[in-house]
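Everything below belongs to upload36.cif, which stores mmCIF, C-alpha atoms.
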```cif
data_start
loop_
_atom_site.label_atom_id
_atom_site.label_comp_id
_atom_site.auth_asym_id
_atom_site.auth_seq_id
_atom_site.Cartn_x
_atom_site.Cartn_y
_atom_site.Cartn_z
CA MET Z 11 92.42 119.10 84.34
CA THR Z 12 88.77 119.98 83.95
CA SER Z 13 88.26 118.48 80.52
CA LYS Z 14 88.13 114.87 79.32
CA CYS Z 15 89.40 112.56 82.02
CA ARG Z 16 89.36 108.77 82.04
CA LEU Z 17 90.75 106.44 84.70
CA THR Z 18 91.32 102.83 83.75
CA TYR Z 19 91.90 100.25 86.45
CA PHE Z 20 90.64 96.88 87.58
CA THR Z 21 87.29 96.10 89.24
CA LEU Z 22 88.84 96.93 92.58
CA LYS Z 23 89.68 99.83 94.84
CA GLY Z 24 93.38 98.96 94.72
CA LEU Z 25 95.81 101.54 93.39
CA GLY Z 26 93.02 103.17 91.44
CA GLU Z 27 91.14 104.26 94.55
CA PRO Z 28 93.51 107.04 95.69
CA ILE Z 29 93.24 108.57 92.21
CA ARG Z 30 89.44 108.22 92.25
CA TYR Z 31 89.47 109.98 95.64
CA MET Z 32 91.73 112.78 94.43
CA LEU Z 33 89.63 113.36 91.31
CA SER Z 34 86.51 113.35 93.50
CA TYR Z 35 88.11 115.69 96.03
CA ARG Z 36 88.68 118.11 93.18
CA ASN Z 37 85.16 117.55 91.81
CA ILE Z 38 86.63 116.52 88.46
CA LYS Z 39 84.25 114.39 86.42
CA PHE Z 40 85.94 111.25 85.18
CA GLU Z 41 85.08 108.10 83.34
CA ASP Z 42 85.68 105.34 85.89
CA VAL Z 43 86.62 102.41 83.68
CA ARG Z 44 86.86 99.12 85.62
CA LEU Z 45 88.15 96.11 83.74
CA ASP Z 46 88.75 92.46 84.44
CA MET Z 47 92.29 91.27 83.77
CA GLU Z 48 91.45 89.70 80.40
CA THR Z 49 89.83 92.87 79.03
CA TRP Z 50 92.66 95.00 80.42
CA LYS Z 51 95.22 92.84 78.65
CA ALA Z 52 93.26 92.79 75.40
CA THR Z 53 92.40 96.47 75.20
CA VAL Z 54 94.40 98.90 77.34
CA LYS Z 55 97.60 97.29 78.68
CA HIS Z 56 99.58 97.96 75.49
CA THR Z 57 98.68 101.67 75.62
CA ALA Z 58 99.92 102.07 79.21
CA PRO Z 59 103.37 103.71 79.35
CA PHE Z 60 104.87 100.68 81.12
CA GLY Z 61 102.01 98.24 80.74
CA LYS Z 62 100.70 98.92 84.24
CA ALA Z 63 97.37 99.99 85.69
CA PRO Z 64 96.08 102.46 86.77
CA VAL Z 65 96.21 104.67 83.70
CA LEU Z 66 94.82 108.18 83.81
CA GLU Z 67 94.11 109.92 80.51
CA ILE Z 68 93.68 113.67 80.59
CA ASP Z 69 93.13 115.45 77.29
CA GLY Z 70 95.02 112.76 75.44
CA LYS Z 71 97.93 112.70 77.88
CA VAL Z 72 98.50 109.27 79.37
CA LEU Z 73 99.62 109.20 82.99
CA THR Z 74 100.73 106.28 85.12
CA GLN Z 75 101.76 105.55 88.71
CA SER Z 76 99.23 106.11 91.45
CA LYS Z 77 101.43 108.01 93.89
CA ALA Z 78 102.90 110.29 91.22
CA ILE Z 79 99.44 111.17 89.87
CA CYS Z 80 98.03 111.83 93.35
CA ARG Z 81 101.01 113.99 94.32
CA TYR Z 82 100.54 116.05 91.16
CA MET Z 83 96.81 116.51 91.75
CA ALA Z 84 97.40 117.36 95.41
CA ARG Z 85 99.90 120.07 94.58
CA GLU Z 86 97.50 121.51 92.02
CA ALA Z 87 94.69 121.39 94.59
CA GLY Z 88 96.68 122.97 97.43
CA ILE Z 89 96.71 119.92 99.70
CA ALA Z 90 100.42 119.19 99.43
CA GLY Z 91 102.94 120.78 101.80
CA LYS Z 92 103.56 124.52 102.00
CA ASP Z 93 107.28 123.91 101.29
CA THR Z 94 109.72 121.10 100.45
CA TRP Z 95 110.09 120.10 104.10
CA GLU Z 96 106.34 119.64 104.54
CA ASP Z 97 106.22 117.71 101.27
CA LEU Z 98 108.96 115.45 102.62
CA GLN Z 99 106.81 114.66 105.68
CA ILE Z 100 103.94 113.70 103.37
CA ASP Z 101 106.14 111.67 101.02
CA MET Z 102 107.70 109.68 103.87
CA MET Z 103 104.20 108.77 104.98
CA ILE Z 104 103.05 107.85 101.46
CA ASP Z 105 105.96 105.46 100.88
CA THR Z 106 105.44 103.94 104.32
CA ILE Z 107 101.77 103.30 103.52
CA GLU Z 108 103.04 101.67 100.34
CA ASP Z 109 105.35 99.38 102.36
CA VAL Z 110 102.53 97.97 104.45
CA ARG Z 111 100.14 97.72 101.48
CA THR Z 112 102.78 95.76 99.59
CA ALA Z 113 103.14 93.34 102.48
CA ALA Z 114 99.37 92.75 102.49
CA ALA Z 115 99.22 92.34 98.69
CA ASP Z 116 102.12 89.89 98.86
CA TYR Z 117 100.00 87.77 101.19
CA LYS Z 118 96.70 88.15 99.34
CA PHE Z 119 98.07 87.22 95.92
CA GLU Z 120 100.37 84.40 97.06
CA ARG Z 121 99.38 81.41 94.95
CA ASP Z 122 101.19 78.78 96.97
CA GLU Z 123 98.70 77.88 99.73
CA LYS Z 124 101.42 76.67 102.11
CA LYS Z 125 103.41 79.89 101.70
CA LYS Z 126 100.25 81.94 102.10
CA ALA Z 127 99.50 80.23 105.38
CA GLU Z 128 103.05 80.94 106.55
CA LYS Z 129 102.73 84.60 105.65
CA LYS Z 130 99.42 85.10 107.46
CA ASP Z 131 100.49 85.23 111.09
CA PRO Z 132 103.42 87.66 110.69
CA LEU Z 133 101.27 89.92 108.51
CA TYR Z 134 98.18 89.98 110.75
CA ASN Z 135 99.92 89.90 114.12
CA GLU Z 136 103.16 91.76 113.49
CA THR Z 137 103.42 93.87 110.34
CA ILE Z 138 99.95 95.40 110.23
CA PRO Z 139 99.66 96.16 113.96
CA PHE Z 140 103.23 97.58 113.90
CA TYR Z 141 102.41 100.07 111.15
CA PHE Z 142 98.83 100.88 112.09
CA LYS Z 143 99.65 101.48 115.76
CA LYS Z 144 102.27 103.97 114.59
CA PHE Z 145 99.80 105.61 112.21
CA GLU Z 146 97.28 105.81 115.07
CA THR Z 147 99.85 107.46 117.34
CA ILE Z 148 100.88 109.95 114.67
CA VAL Z 149 97.29 110.93 113.88
CA SER Z 150 96.47 111.22 117.57
CA ALA Z 151 99.44 113.58 118.07
CA SER Z 152 98.93 115.57 114.86
CA LYS Z 153 95.46 117.07 115.13
CA GLY Z 154 93.83 114.13 113.39
CA HIS Z 155 96.14 114.06 110.38
CA LEU Z 156 99.09 112.02 109.15
CA ALA Z 157 101.42 114.87 108.24
CA ASN Z 158 101.94 118.53 109.05
CA LYS Z 159 98.97 118.67 111.47
CA LYS Z 160 96.57 119.53 108.65
CA LEU Z 161 94.66 117.91 105.81
CA THR Z 162 97.04 116.73 103.10
CA TRP Z 163 96.87 114.16 100.34
CA ALA Z 164 98.62 111.73 102.73
CA ASP Z 165 95.29 111.49 104.61
CA ILE Z 166 93.30 110.88 101.42
CA TYR Z 167 95.83 108.38 100.10
CA PHE Z 168 95.88 106.56 103.43
CA VAL Z 169 92.10 106.23 103.70
CA ALA Z 170 91.78 104.96 100.12
CA ILE Z 171 94.58 102.42 100.60
CA SER Z 172 93.35 101.30 104.02
CA GLU Z 173 89.96 100.54 102.45
CA HIS Z 174 91.75 98.49 99.80
CA MET Z 175 93.66 96.74 102.56
CA CYS Z 176 90.38 95.61 104.13
CA PHE Z 177 89.91 93.67 100.91
CA LEU Z 178 93.47 92.35 100.98
CA ILE Z 179 93.21 90.99 104.52
CA ASP Z 180 89.44 90.43 104.64
CA GLN Z 181 89.10 92.42 107.87
CA ASP Z 182 88.13 95.92 108.91
CA ILE Z 183 91.71 97.12 109.24
CA LEU Z 184 90.84 100.40 111.03
CA GLU Z 185 88.52 98.82 113.60
CA PRO Z 186 91.03 98.85 116.51
CA TYR Z 187 92.13 102.44 115.86
CA PRO Z 188 89.71 105.24 116.88
CA ASN Z 189 91.87 108.07 115.55
CA LEU Z 190 92.29 106.38 112.17
CA LYS Z 191 88.54 105.71 112.02
CA ALA Z 192 87.96 109.40 112.74
CA LEU Z 193 90.37 110.28 109.94
CA LYS Z 194 88.39 108.06 107.59
CA ASP Z 195 85.19 109.86 108.65
CA THR Z 196 86.87 113.22 107.99
CA ILE Z 197 87.87 112.17 104.48
CA HIS Z 198 84.50 110.57 103.75
CA ALA Z 199 82.76 113.81 104.80
CA ILE Z 200 84.51 115.82 102.06
CA PRO Z 201 81.65 116.54 99.63
CA GLY Z 202 83.26 115.27 96.40
CA ILE Z 203 84.57 112.12 98.09
CA LYS Z 204 81.26 111.55 99.94
CA LYS Z 205 79.41 111.62 96.63
CA TYR Z 206 81.90 109.22 95.01
CA VAL Z 207 81.88 106.75 97.93
CA GLU Z 208 78.08 106.63 98.00
CA GLN Z 209 77.88 105.41 94.42
CA ARG Z 210 81.09 103.41 93.92
CA PRO Z 211 80.69 99.78 92.89
CA ALA Z 212 81.78 96.91 95.11
CA ASP Z 213 85.13 95.22 94.52
CA ILE Z 214 85.21 92.21 92.26
CA LEU Z 215 88.26 90.02 92.68
CA VAL Z 216 90.47 89.93 89.59
CA GLU Z 217 93.00 87.24 88.83
CA PHE Z 218 96.50 88.74 88.78
CA MET B 23 121.52 120.50 105.32
CA THR B 24 125.15 121.47 105.60
CA SER B 25 125.68 120.42 109.19
CA LYS B 26 125.81 117.01 110.85
CA CYS B 27 124.55 114.37 108.47
CA ARG B 28 124.61 110.60 108.92
CA LEU B 29 123.24 107.95 106.57
CA THR B 30 122.70 104.47 107.97
CA TYR B 31 122.14 101.58 105.61
CA PHE B 32 123.40 98.10 104.94
CA THR B 33 126.76 97.13 103.37
CA LEU B 34 125.19 97.52 99.94
CA LYS B 35 124.35 100.11 97.34
CA GLY B 36 120.65 99.24 97.58
CA LEU B 37 118.21 101.94 98.57
CA GLY B 38 121.00 103.82 100.31
CA GLU B 39 122.87 104.53 97.07
CA PRO B 40 120.47 107.13 95.59
CA ILE B 41 120.74 109.09 98.85
CA ARG B 42 124.54 108.76 98.86
CA TYR B 43 124.50 110.06 95.26
CA MET B 44 122.23 112.99 96.10
CA LEU B 45 124.32 113.97 99.12
CA SER B 46 127.44 113.71 96.96
CA TYR B 47 125.82 115.70 94.15
CA ARG B 48 125.23 118.46 96.67
CA ASN B 49 128.76 118.08 98.11
CA ILE B 50 127.31 117.48 101.54
CA LYS B 51 129.70 115.65 103.86
CA PHE B 52 128.01 112.68 105.46
CA GLU B 53 128.89 109.81 107.72
CA ASP B 54 128.32 106.74 105.52
CA VAL B 55 127.39 104.10 108.10
CA ARG B 56 127.17 100.59 106.60
CA LEU B 57 125.90 97.83 108.84
CA ASP B 58 125.33 94.12 108.60
CA MET B 59 121.80 93.00 109.44
CA GLU B 60 122.66 91.88 112.96
CA THR B 61 124.25 95.20 113.92
CA TRP B 62 121.40 97.12 112.28
CA LYS B 63 118.87 95.19 114.32
CA ALA B 64 120.83 95.57 117.54
CA THR B 65 121.66 99.26 117.26
CA VAL B 66 119.64 101.38 114.84
CA LYS B 67 116.46 99.59 113.71
CA HIS B 68 114.48 100.63 116.80
CA THR B 69 115.33 104.31 116.20
CA ALA B 70 114.10 104.25 112.59
CA PRO B 71 110.62 105.81 112.24
CA PHE B 72 109.14 102.58 110.86
CA GLY B 73 112.03 100.23 111.53
CA LYS B 74 113.35 100.47 107.99
CA ALA B 75 116.67 101.37 106.41
CA PRO B 76 117.95 103.70 105.03
CA VAL B 77 117.79 106.28 107.79
CA LEU B 78 119.17 109.76 107.25
CA GLU B 79 119.86 111.90 110.29
CA ILE B 80 120.27 115.61 109.75
CA ASP B 81 120.79 117.80 112.78
CA GLY B 82 118.94 115.35 114.97
CA LYS B 83 116.02 114.96 112.56
CA VAL B 84 115.47 111.38 111.50
CA LEU B 85 114.33 110.83 107.91
CA THR B 86 113.26 107.65 106.16
CA GLN B 87 112.22 106.46 102.68
CA SER B 88 114.77 106.71 99.91
CA LYS B 89 112.55 108.27 97.24
CA ALA B 90 111.07 110.84 99.60
CA ILE B 91 114.51 111.91 100.83
CA CYS B 92 115.93 112.15 97.30
CA ARG B 93 112.93 114.16 96.07
CA TYR B 94 113.39 116.59 98.95
CA MET B 95 117.11 117.00 98.30
CA ALA B 96 116.53 117.38 94.55
CA ARG B 97 114.00 120.16 95.04
CA GLU B 98 116.40 121.92 97.40
CA ALA B 99 119.21 121.49 94.86
CA GLY B 100 117.21 122.69 91.85
CA ILE B 101 117.20 119.38 89.97
CA ALA B 102 113.50 118.65 90.34
CA GLY B 103 110.96 119.94 87.79
CA LYS B 104 110.30 123.61 87.12
CA ASP B 105 106.60 123.06 87.89
CA THR B 106 104.18 120.36 89.09
CA TRP B 107 103.81 118.90 85.60
CA GLU B 108 107.57 118.41 85.22
CA ASP B 109 107.70 116.93 88.71
CA LEU B 110 104.98 114.49 87.66
CA GLN B 111 107.13 113.33 84.72
CA ILE B 112 110.01 112.69 87.13
CA ASP B 113 107.82 110.97 89.71
CA MET B 114 106.27 108.61 87.14
CA MET B 115 109.79 107.59 86.16
CA ILE B 116 110.93 107.14 89.77
CA ASP B 117 108.04 104.82 90.65
CA THR B 118 108.57 102.87 87.43
CA ILE B 119 112.24 102.38 88.31
CA GLU B 120 110.99 101.15 91.67
CA ASP B 121 108.69 98.61 89.96
CA VAL B 122 111.53 96.96 88.07
CA ARG B 123 113.91 97.11 91.04
CA THR B 124 111.28 95.40 93.18
CA ALA B 125 110.94 92.61 90.61
CA ALA B 126 114.71 92.06 90.67
CA ALA B 127 114.85 92.14 94.47
CA ASP B 128 111.97 89.67 94.64
CA TYR B 129 114.10 87.27 92.59
CA LYS B 130 117.39 87.90 94.38
CA PHE B 131 116.04 87.42 97.88
CA GLU B 132 113.75 84.46 97.13
CA ARG B 133 114.77 81.77 99.60
CA ASP B 134 112.99 78.89 97.92
CA GLU B 135 115.47 77.67 95.29
CA LYS B 136 112.75 76.16 93.11
CA LYS B 137 110.74 79.38 93.09
CA LYS B 138 113.89 81.37 92.45
CA ALA B 139 114.66 79.27 89.40
CA GLU B 140 111.10 79.80 88.14
CA LYS B 141 111.40 83.57 88.57
CA LYS B 142 114.70 83.84 86.72
CA ASP B 143 113.63 83.49 83.09
CA PRO B 144 110.68 85.94 83.18
CA LEU B 145 112.82 88.47 85.05
CA TYR B 146 115.92 88.25 82.83
CA ASN B 147 114.18 87.74 79.50
CA GLU B 148 110.93 89.64 79.87
CA THR B 149 110.65 92.13 82.72
CA ILE B 150 114.12 93.69 82.66
CA PRO B 151 114.40 93.98 78.84
CA PHE B 152 110.84 95.37 78.71
CA TYR B 153 111.64 98.18 81.12
CA PHE B 154 115.20 98.89 80.10
CA LYS B 155 114.39 99.03 76.38
CA LYS B 156 111.75 101.62 77.22
CA PHE B 157 114.21 103.56 79.39
CA GLU B 158 116.73 103.41 76.51
CA THR B 159 114.15 104.76 74.04
CA ILE B 160 113.10 107.55 76.38
CA VAL B 161 116.69 108.64 77.05
CA SER B 162 117.50 108.48 73.35
CA ALA B 163 114.51 110.73 72.56
CA SER B 164 115.02 113.12 75.50
CA LYS B 165 118.47 114.60 75.02
CA GLY B 166 120.11 111.91 77.14
CA HIS B 167 117.81 112.21 80.12
CA LEU B 168 114.87 110.32 81.60
CA ALA B 169 112.53 113.26 82.14
CA ASN B 170 111.97 116.78 80.88
CA LYS B 171 114.95 116.63 78.47
CA LYS B 172 117.33 117.85 81.15
CA LEU B 173 119.25 116.61 84.17
CA THR B 174 116.89 115.78 87.02
CA TRP B 175 117.06 113.58 90.07
CA ALA B 176 115.36 110.85 88.01
CA ASP B 177 118.69 110.40 86.18
CA ILE B 178 120.66 110.21 89.41
CA TYR B 179 118.15 107.88 91.04
CA PHE B 180 118.12 105.65 87.98
CA VAL B 181 121.90 105.32 87.75
CA ALA B 182 122.22 104.51 91.46
CA ILE B 183 119.43 101.92 91.31
CA SER B 184 120.68 100.38 88.06
CA GLU B 185 124.07 99.84 89.71
CA HIS B 186 122.29 98.15 92.60
CA MET B 187 120.39 96.03 90.10
CA CYS B 188 123.68 94.73 88.67
CA PHE B 189 124.16 93.22 92.11
CA LEU B 190 120.61 91.89 92.22
CA ILE B 191 120.87 90.09 88.88
CA ASP B 192 124.64 89.54 88.83
CA GLN B 193 124.98 91.10 85.37
CA ASP B 194 125.94 94.45 83.89
CA ILE B 195 122.35 95.58 83.41
CA LEU B 196 123.19 98.61 81.22
CA GLU B 197 125.53 96.75 78.87
CA PRO B 198 123.02 96.37 75.97
CA TYR B 199 121.90 100.01 76.15
CA PRO B 200 124.31 102.67 74.80
CA ASN B 201 122.12 105.63 75.77
CA LEU B 202 121.71 104.38 79.32
CA LYS B 203 125.46 103.76 79.55
CA ALA B 204 126.03 107.33 78.38
CA LEU B 205 123.60 108.55 81.04
CA LYS B 206 125.60 106.65 83.65
CA ASP B 207 128.79 108.32 82.38
CA THR B 208 127.09 111.73 82.60
CA ILE B 209 126.09 111.14 86.21
CA HIS B 210 129.48 109.65 87.15
CA ALA B 211 131.19 112.75 85.70
CA ILE B 212 129.43 115.08 88.14
CA PRO B 213 132.28 116.13 90.48
CA GLY B 214 130.70 115.27 93.83
CA ILE B 215 129.40 111.92 92.57
CA LYS B 216 132.70 111.12 90.80
CA LYS B 217 134.55 111.63 94.08
CA TYR B 218 132.08 109.44 95.98
CA VAL B 219 132.12 106.62 93.41
CA GLU B 220 135.93 106.52 93.36
CA GLN B 221 136.11 105.77 97.06
CA ARG B 222 132.93 103.83 97.80
CA PRO B 223 133.35 100.38 99.30
CA ALA B 224 132.26 97.23 97.47
CA ASP B 225 128.93 95.60 98.26
CA ILE B 226 128.87 92.90 100.89
CA LEU B 227 125.82 90.65 100.75
CA VAL B 228 123.64 90.94 103.83
CA GLU B 229 121.12 88.36 104.92
CA PHE B 230 117.62 89.83 104.80
#
```
Now that the file is in, can you turn its structure into structure tokens?
Amino acid sequence: MTSKCRLTYFTLKGLGEPIRYMLSYRNIKFEDVRLDMETWKATVKHTAPFGKAPVLEIDGKVLTQSKAICRYMAREAGIAGKDTWEDLQIDMMIDTIEDVRTAAADYKFERDEKKKAEKKDPLYNETIPFYFKKFETIVSASKGHLANKKLTWADIYFVAISEHMCFLIDQDILEPYPNLKALKDTIHAIPGIKKYVEQRPADILVEF
Amino acid sequence: MTSKCRLTYFTLKGLGEPIRYMLSYRNIKFEDVRLDMETWKATVKHTAPFGKAPVLEIDGKVLTQSKAICRYMAREAGIAGKDTWEDLQIDMMIDTIEDVRTAAADYKFERDEKKKAEKKDPLYNETIPFYFKKFETIVSASKGHLANKKLTWADIYFVAISEHMCFLIDQDILEPYPNLKALKDTIHAIPGIKKYVEQRPADILVEF
């Protein structure tokens, strides 16, 4: 994975960000292609295995699915579990992060203004606090990490997605949670990720 | 995983079915608890790690997330990949299956009748054929399997979810696809799964 590497995604953190973090964690140079929806549709969508972004090209191999790609890179990098049971703990966390992200995206991209207004209160006052309080408790009880009491790709995935969620809900989602903020600091202090974060472009809203 | 094992889910195939299949594949006896929404909320929901079904209890350990649980069981059973690259091929397929299932569920459980009607045509005539034609092509080119040209948990997961999708769209989703139907027959011929399928109860619609 040290040769030609190109990530194509939208002009957003979104589901591209965990991959950008994992590549940066591994100090792999990559072309960080960020497209608006129109350009994506006109140029890359038809080459994606199932028409979906992000797409990661490595030496001519075309990969898709953010979680699958991150899991693969994590195992290669030694930040997955030490056995299948530890991997299970990570995977349960990853899919749970996905559940709460999906709820926030469902709100953000709701086109019906009345429905969007209806979705706001349960999302902001029930769903997000429910999940993030649990994440906070887990991290507090697990030596500052989300799984297996050590750094795993669940931590990196979580921080990348939580930053995307700030965009989805237009709020600093980690603000009420000191242990989650500390986890973010831990991840942002990793040299490769630090370097990436310092130079990444700001999000530009795309029309889905 | 050979001792006390209890799966709790709704009175549906749904996200419980891939776990029921994996347990059956491994010939693990399990208590197949099927609850209506009211009973779930009153009795089990609060014990689930993030309040979500399915929940799998093994020797007092409480597991959640269908894909994570199935991946764990598959690796234990030797029907994951032989290395991280093969696992990546499986995982990309699993999350793609999840994408199309989610689209079908989004239609099925839409409460606004007008919106539901609007979602029907794109789902039935674009999204599902798009994905299932690709699945058909992959299986046709890969010795009858979805990944790595051999039986993996992607096949089992796919068959279980495609059966659930028949319920979601009220149609035999595999009918136009001979290779996918053959894959279903292959999975249904596995002794443990055959035995489970022969005695499983019919779906009862729950109110979400």
- Query: Got a sec to pull out which chain B residues are within 10 Å of chain Z, counting only C-alpha atoms, and send them as a PyMOL selection string?
  - Reply: chain B and resi 71-74+85-98+105-118+121+152-153+156-157
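Matched in the shown structure by the PyMOL selection byres ((chain Z and resi 35) around 10): Ile29, Arg30, Tyr31, Met32, Leu33, Ser34, Arg36, Asn37, Ile38, Met83, Ala84, Ala87, Trp163, Ile166, Ile197, His198, Ile200, Pro201, Gly202, Ile203, Lys204, Lys205 and Tyr206 of chain Z.
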Put those residues in a file: C-alpha atoms, as a compact mmCIF listing (two decimals), in the coordinates of the input.
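Resulting contents of selection_8.txt:
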```
# COMPACT_ATOMS: atom_id res chain seq x y z
CA ILE Z 29 93.24 108.57 92.21
CA ARG Z 30 89.44 108.22 92.25
CA TYR Z 31 89.47 109.98 95.64
CA MET Z 32 91.73 112.78 94.43
CA LEU Z 33 89.63 113.36 91.31
CA SER Z 34 86.51 113.35 93.50
CA ARG Z 36 88.68 118.11 93.18
CA ASN Z 37 85.16 117.55 91.81
CA ILE Z 38 86.63 116.52 88.46
CA MET Z 83 96.81 116.51 91.75
CA ALA Z 84 97.40 117.36 95.41
CA ALA Z 87 94.69 121.39 94.59
CA TRP Z 163 96.87 114.16 100.34
CA ILE Z 166 93.30 110.88 101.42
CA ILE Z 197 87.87 112.17 104.48
CA HIS Z 198 84.50 110.57 103.75
CA ILE Z 200 84.51 115.82 102.06
CA PRO Z 201 81.65 116.54 99.63
CA GLY Z 202 83.26 115.27 96.40
CA ILE Z 203 84.57 112.12 98.09
CA LYS Z 204 81.26 111.55 99.94
CA LYS Z 205 79.41 111.62 96.63
CA TYR Z 206 81.90 109.22 95.01
```
- Item | Answer key for the PyMOL selection byres ((chain B and resi 81) around 12), residues as a list in words |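 For this structure, the PyMOL selection byres ((chain B and resi 81) around 12) resolves to Met23, Thr24, Ser25, Lys26, Cys27, Arg28, Leu29, Phe52, Leu78, Glu79, Ile80, Gly82, Lys83, Val84 and Leu85 of chain B.
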- Query: Interatomic distance between CA of Arg121 (chain Z) and CA of Lys137 (chain B)?
  - Reply: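 According to the coordinates, CA of Arg121 (chain Z) and CA of Lys137 (chain B) are separated by 11.7 Å.
The nearest approach to Glu136 (chain Z) among the residues Z:Gly154, Z:Ile148, Z:Ala114, Z:Glu173, with all atoms listed in the file taken into account, belongs to Z:Ala114.
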- Check which residues satisfy the PyMOL selection byres ((chain B and resi 189) around 10) in the file shown, then give them as a ChimeraX atom specification. /B:34-36,126-127,130,183-188,190-195,225-227
- Message: For a test of reading the model, state the distance in Å between CA of Thr21 (chain Z) and CA of Leu190 (chain Z), rounded to one decimal.
- Response: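 Calculated distance between CA of Thr21 (chain Z) and CA of Leu190 (chain Z) is 25.6 Å.
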- Item | d(CA of Tyr187 (chain Z), CA of Glu120 (chain Z)) in Å | 27.3 Å
- Would you kindly return, as number ranges by chain, each protein, DNA or RNA residue with an atom no farther than 8 Å from any atom of Asp165 (chain Z), considering only C-alpha atoms and excluding same-chain residues fewer than 6 positions away? Z: 155-157, 193, 197
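Of the listed residues (Z:Ala113, Z:Leu45, Z:Leu25, Z:Ala192), Z:Ala192 comes nearest to Glu146 (chain Z); the distances count all atoms listed in the file.
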As a CSV table (one decimal), in the frame of the given file, could you write out region 76-81 of chain B once it has been completed with all heavy atoms?
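Okay, this is what ended up in part_1.csv:
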```
chain,number,residue,atom,x,y,z
B,76,PRO,N,117.0,102.8,104.4
B,76,PRO,CA,118.0,103.7,105.0
B,76,PRO,C,117.3,104.7,106.0
B,76,PRO,O,116.1,105.0,105.9
B,76,PRO,CB,118.5,104.4,103.8
B,76,PRO,CG,117.4,104.4,102.8
B,76,PRO,CD,116.7,103.1,103.0
B,77,VAL,N,118.2,105.2,106.9
B,77,VAL,CA,117.8,106.3,107.8
B,77,VAL,C,118.8,107.4,107.6
B,77,VAL,O,120.0,107.2,107.6
B,77,VAL,CB,117.9,105.8,109.3
B,77,VAL,CG1,117.7,107.0,110.2
B,77,VAL,CG2,116.8,104.8,109.5
B,78,LEU,N,118.3,108.6,107.4
B,78,LEU,CA,119.2,109.8,107.2
B,78,LEU,C,118.9,110.7,108.4
B,78,LEU,O,117.8,111.1,108.7
B,78,LEU,CB,118.9,110.5,105.9
B,78,LEU,CG,119.8,111.7,105.6
B,78,LEU,CD1,121.3,111.3,105.4
B,78,LEU,CD2,119.3,112.5,104.4
B,79,GLU,N,120.0,111.0,109.2
B,79,GLU,CA,119.9,111.9,110.3
B,79,GLU,C,120.5,113.2,109.9
B,79,GLU,O,121.7,113.2,109.5
B,79,GLU,CB,120.5,111.3,111.5
B,79,GLU,CG,119.9,110.1,112.1
B,79,GLU,CD,120.8,109.3,113.0
B,79,GLU,OE1,120.8,109.7,114.2
B,79,GLU,OE2,121.5,108.4,112.5
B,80,ILE,N,119.7,114.3,110.0
B,80,ILE,CA,120.3,115.6,109.8
B,80,ILE,C,119.9,116.5,111.0
B,80,ILE,O,118.8,116.7,111.2
B,80,ILE,CB,119.6,116.2,108.5
B,80,ILE,CG1,119.7,115.3,107.3
B,80,ILE,CG2,120.2,117.6,108.2
B,80,ILE,CD1,118.9,115.8,106.1
B,81,ASP,N,121.0,116.9,111.6
B,81,ASP,CA,120.8,117.8,112.8
B,81,ASP,C,119.8,117.2,113.8
B,81,ASP,O,118.9,118.0,114.2
B,81,ASP,CB,120.4,119.2,112.3
B,81,ASP,CG,121.5,119.9,111.5
B,81,ASP,OD1,122.6,119.5,111.7
B,81,ASP,OD2,121.1,120.8,110.7
```
